[in-house]
Structure formats: structure tokens, C-alpha cells
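Asks: First the structure, which I've put down as C-alpha cells, then a few questions once you've had a look.
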Amino acid sequence: MQTTSSGYPSVVNAPFRQLSTGVLLSWLKTLASNISFFTINTSTIAGADIIKGSSSDSVSFFDKYQYTDYATYVKNWSVDRQIGQFPFGLIMAQADVEFDNTSNLFTPNYDATIGSGILPNRPLKINVSMGQDSLQQFTGFTGQPEIEVVNRSMTLHAYDVIDFLNNYSFTSQSGTTFSGLLSNVTTSSAIQYYLGKLGFNANQYQLEKSLQQPIGVVNVTDRRFGDVLQDLIQAEGGILLADEAGIIHFWNRQHFVTTSGLGFIFNFTPSNTLDIKYTNAPIINDVTVTAKPRAIAPLQQIWKQGGTQTIPAGQSFTIFTDFADNDGPLPVTQITAPTYSATNVNTSYFTTNTASDGSGTSSSSDLTLSSTYLFGTTYKMVFLNPNNYTVFLTDISLYGTPAKVVNAISQQYIDQASIDAYGRNPANNGETLALNNDYLQSSSDALTLAFTIVSQFGQPNRHYEAEIFADPSLQIGDYGKLTLPNTALTKTVWITGKTDKLSPEGNLTQTLQLEERTLYTYFTINSSAIGGTDVIAP
């Protein structure tokens with residue numbers, strides 16, 4: 001739940017509520033020279049102060065831009081964020097905004113101020129204000145503007161910051177100070193490291209503790225960062241999402257199954273709930289998890305040149321090597337830079353000759369290795385020929401510390417009682433749900449992931465779709481009670497999805513996806529009782 005003032009409950013629960021909305025855009029992506037953050041009971045609703053996107057007064061990823069509020073042109077908007085079918089992965093919020101363009105303000109190159117900026121990838125913020133509280137609902141980047149000339153309208157579709165992470169690639173050409181590879185690192189530490197390389201500071205993310213063993217090797221070489229994140233999060237059985245203010249969160253697998261330290265955030269009753277629909281969770285009672293984790297091996301030969309390279313007089317020559325073994329691309333944490341050698345040695349070396357067939361002379365002054373660059377599975381070498389004659393590079397041998405596959409893991413977990421009652425995996429066409437993830441480091445980690453899924457989805461726990469009197473402070477991950485109309489039943493549920501819409505008439509509607517989860521209180525040393533109800537954390 002977003003932080004609100006002490007008077008907010010009475011405002012949001014009032015029979016008649018007045019609300020306003022802000023739709024802020026930075027068409028020109030101008031960096032703000034002076035930022036004033038919104039303060040409850042001090043700032044003016046719809047004033048110049050912006051809602052800060054971090055827990056401190058530091059400028060966050062999105063706060064650094066100069067925004068203009070175009071709410072007076074807004075016809076309607078909607079924001080949607082949902083957790084997927086299974087309780088792990090990346091969650092990306094989306095927003096749609098329709099603007100009135102009768103004035104041609106949003107026609108490209110029409111307005112003298114913003115006309116050249118009517119382009120995609122513009123920072124967008126949406127907020128809702130009630131009383132003295134201004135609550136962020138979306139922060140992200142726009143797609144290509146869709147402009148309808150006859151209807152005099154413009155529509156923007158936008159994604160939050162997870163889309164930026166998802167599509168970013170750390171390429172082997174992106175720099176010389178970043179290897180892209182980490183070893184013996186936890187999931188949360190790896191995410192923190194890579195976010196730092198992308199320019200995010202510590203106030204722009206909140207990462208829960210990793211629960212699996214440290215990962216032998218994490219490599220982002222020439223991969224979409226989103227694919228790497230998806231694998232990291234899946235191995236943890238966790239979730240990565242950005243909240244309404246653009247702050248990135250990593251939740252581990254215990255986030256939705258423990259009530260430790262939590263109080264009920266909401267209590268939905270027939271008096272504040274307009275409609276409820278029942279939907280069953282997918283029944284998954286058979287999961288198989290496989291992995292081939294890697295670990296750093298001792299120094300060894302990992303590459304040898306085939307053939308001869310020609311380097312003309314006074315020129316340089318660049319060689320890229322791609323390391324691989326029988327298990328695919330081979331991450332390498334360290335390479336010993338090759339030095340000249342007249343004979344083969346058990347270390348990195350190169351040999352030269354003044355003749356292509358090796359019949360000439362060889363000298364340490366023939367070539368200079370001017371630079372090297374290791375990027376995960378790729379190594380770059382730049383050789384310089386300072387002489388006035390052609391030199392032939394006849395042999396290169398590279399020694400380094402590769403990350404080798406250490407073992408093959410396969411773990412299956414089934415709920416036989418569920419299979420007897422509902423059949424095997426009716427949500428997966430009767431087949432075992434097969435997950436392969438090489439970031440899992442042990443058989444116990446793999447079994448824990450399988451157990452976590454089956455324990456939550458082996459029985460047909462209810463999903464609920466609830467249309468409520470809109471409360472802009474609610475967020476995915478909030479925990480509370482749902483009282484079913486015309487019954488004495490009260491369910492413990494979590495918000496796993498949220499859709500907010502502002503109609504052309506100015507009405508705010510809110511539909512929540514609510515899910516029952518099996519809740520646990522995990523065993524705590526010096527607190528829990530032996531033989532008590534607290535369980536050992538998976």
C-alpha cells in the first residue's frame with residue numbers, strides 16, 4: 001500500500017469523493033535543473049511539485065526529467081499490471097492514454113515548443129489525487145504516438161521500466177571496463193550490480209534476500225537483460241516488478257506465503273465491493289526441474305588458433321575469440337594475456353614468422369599485443385605490427401579460468417493426492433511442468449522450486465476478480481481479507497493484479513485480481529517452539 005496521510009481513510013471511504021488526475025509527459029526529455037518533490041499537507045494538488053520516485057530526496061531514474069501536466073487534454077486512461085500464471089517471473093505494467101488533439105498540440109512539428117518531440121520513448125507519469133494525497137499510478141516510457149487526424153485525438157501506449165530492462169543488451173562491443181560476468185554471487189547481488197551498470201542508484205530499487213545458494217556464474221554477454229533476469233528470478237521462484245513510482249522490487253518465493261510482520265492492509269466487504277467473480281487457479285501437481293550449473297575451473301587451455309593470420313607492415317589486426325565447449329558457450333572469468341614465445345609453453349602465448357609457411361625468422365619485436373578485452377564468452381586481442389615488413393601470426397594459445405558445468409540436476413515433485421483427485425497437471429495438458437534453469441545450484445534448490453509451485457497450485461485455490469470502490473493507494477502484493485457476499489466466509493487473499501481506468505466522465509474504476517495462498521509462519525531460531533506450528537523454510 002502506498003504511503004498516505006492520516007486523513008486519507010476518511011477521504012477514500014467517503015460516500016462522495018472528489019478526485020483529480022495528473023498525466024505528466026516529458027516530450028523533449030529535458031533534464032530538470034531544479035526538482036521540488038510533493039509533500040503531503042504542503043504541496044498543492046495539480047501544482048508544480050512532483051511525486052518522488054524513491055524513498056529519499058535523491059533524483060530517481062524518472063524524476064530527472066522536466067515534466068508538463070497534460071491532464072486537461074486527457075479523455076481517458078487505463079493502467080494494468082498483473083502477475084502471470086505462475087508465481088515467478090517479470091511483471092511489466094502497461095498504460096493507455098487518449099488525448100484530445102482538437103488544438104493540434106500533439107500534431108508532430110505543429111506546436112513550436114513540443115512539435116519535434118512527439119516521438120516514442122517519452123517519460124510518462126500518471127497520478128490520482130484525493131484530498132491532500134497525490135498517489136502515483138504509473139511511471140514508464142511511451143511507445144509510438146497514434147494520431148487520428150479526423151477524430152482529433154492522440155493515443156499513447158506505454159510500458160514501465162521493466163520494458164527498458166527487458167530489451168537492454170550488454171553487448172561485447174559496449175565497453176572495455178565491464179566484463180558482463182559475475183561469479184559466486186546471489187541473485188539479489190547480481191541484480192543490484194547490473195542495475196548499477198545501467199545507472200540506477202540504491203534508492204531506485206528494493207531487493208529482498210536471495211534464498212537459494214550463490215550462483216556459480218552469471219553471464220549477460222550478448223543476451224537480452226530481460227532473459228537473464230527471467231532466469232535469475234525463476235531460479236528463486238520470485239518476482240521482479242516496478243511499482244507505480246518506477247521503483248524496482250525483487251520479491252523472493254516467501255513473499256506471498258508468509259504473514260510475518262504484516263498486518264491486514266485491506267478488508268473488502270459487501271459495502272465496498274461492487275462485484276466478485278470466481279476463477280480457479282491452474283492445477284499444477286507435477287513439476288520437474290533440471291539444471292546444469294557452472295563453477296569456476298582451474299587455469300587451463302581454453303582456445304587455440306587455427307591457421308595463420310597476416311598483419312601488414314605498420315598496421316593493427318583485431319582477433320575476436322568465442323569460447324565454447326560441449327555444453328555450449330563457455331563463460332570465462334579470467335584470461336592470461338598471451339606473450340611472445342619461440343616455443344610452445346603451458347601458458348598463453350603467440351608465435352610469429354616472417355614467412356607464411358613458418359620458414360622465416362621469428363622475433364619478439366615482430367608484433368605487439370596492444371590491448372585485450374574479456375567479455376564473458378568473448379575475448380578481444382589487438383595486435384600491432386610496428387615494422388616495415390609483413391608479419392605472420394602463426395599460433396595463439398589462450399589459458400584462462402572457464403566456468404565449466406559441474407553436474408546435471410533433475411528433481412521432480414508431485415502431489416499424488418491432487419493427481420488422484422484432479423488428474424495429472426490439467427493446466428499443462430497432463431504433462432509434467434518442465435523447467436530448465438542453469439542458475440539453480442543444487443538438487444535441494446531445484447527440489448525447493450518444484451515444491452513451491454506444487455504446494456501453491458496442487459489444489460484448486462480460488463482466484464477472485466473483484467470490482468471495488470477505487471482505492472488508488474492499493475498495490476500488487478497487498479495482503480488482506482475478502483468477505484464473500486451472502487455468506488459467512490472470509491478469505492485471506494493477496495492482490496496479484498490491478499487494473500485502473502479513468503473514464504471520459506472522470507469516473508475512476510478499479511478491478512483487482514485476488515488470490516488465496518497457503519500461508520506459513522517460518523521457523524525462527526530462539527523464537528519458534530520445537531514441535532510447534534512454525535515450518536522450516538523451503
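Each chain of the C-alpha cells is named A, B, ... in the order shown, its residues numbered from 1; ligands are numbered from 1 in display order.
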Mind checking which residues fall within 10 Å of Leu28 in chain A, counting only C-alpha atoms, ignoring those fewer than 4 positions away in the same chain, and posting them as a list in words?

Replies: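 Close residues of Leu28 in chain A: Tyr65, Gln66, Tyr67, Thr113, Ile114, Gly115, Ser116, Gly117, Ile118, Leu119, Arg122 and Pro123 of chain A.
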
Asks: If you count only C-alpha atoms, which residues fall within 12 Å of His463 in chain A, apart from same-chain ones fewer than 3 positions away, as a list in words?

Replies: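 That gives Gln85, Ile276, Lys277, Tyr278, Thr279, Asn280, Ala281, Pro282, Ile283, Phe457, Gln459, Pro460, Ala466, Leu482, Lys491, Thr492, Val493, Trp494, Ile495, Thr496, Gly497, Leu512, Gln513, Leu514, Glu515, Glu516 and Arg517 of chain A.
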
Asks: Mind giving me the straight-line distance from CA of Thr68 in chain A to CA of Leu31 in chain A in Å, one decimal?

Replies: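 It comes out at 12.4 Å.
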
Asks: Give the answer as one residue: which of A:Pro331, A:Gly430, A:Gly360, A:Gly89 has the shortest atom-to-atom distance to Gln230 in chain A, using only C-alpha atoms?

Replies: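 Closest residue, counting only C-alpha atoms: A:Gly89.
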
Asks: Check range 51-296 of chain A with DSSP on the backbone and list each residue it calls helix (DSSP H, G or I), as a PyMOL selection string.

Replies: chain A and resi 71-73+115-117+161-167+187-197+202-204+225-236

Asks: Residues at most 9 Å from Asp322 in chain A, counting only C-alpha atoms, excluding those fewer than 2 positions away in the same chain, as a list in words?

Replies: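 In the requested form, the answer reads Trp303, Phe320, Ala324, Pro329, Leu330, Thr377, Thr378 and Tyr379 of chain A.
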
Asks: Just how far from CA of Asn167 in chain A is CA of Gly180 in chain A, in Å to one decimal?

Replies: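 CA of Asn167 in chain A lies at a distance of 16.0 Å from CA of Gly180 in chain A.
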
Asks: Check the smallest atom-to-atom distance from each of A:Lys292, A:Arg223, A:Lys304, A:Arg424 to Gly376 in chain A using only C-alpha atoms, then report the winner.

Replies: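 Nearest candidate to Gly376 in chain A out of A:Lys292, A:Arg223, A:Lys304, A:Arg424: A:Arg223.
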
Asks: For a test of reading the model, state the distance in Å between CA of Thr390 in chain A and CA of Val345 in chain A, rounded to one decimal.

Replies: 24.9 Å
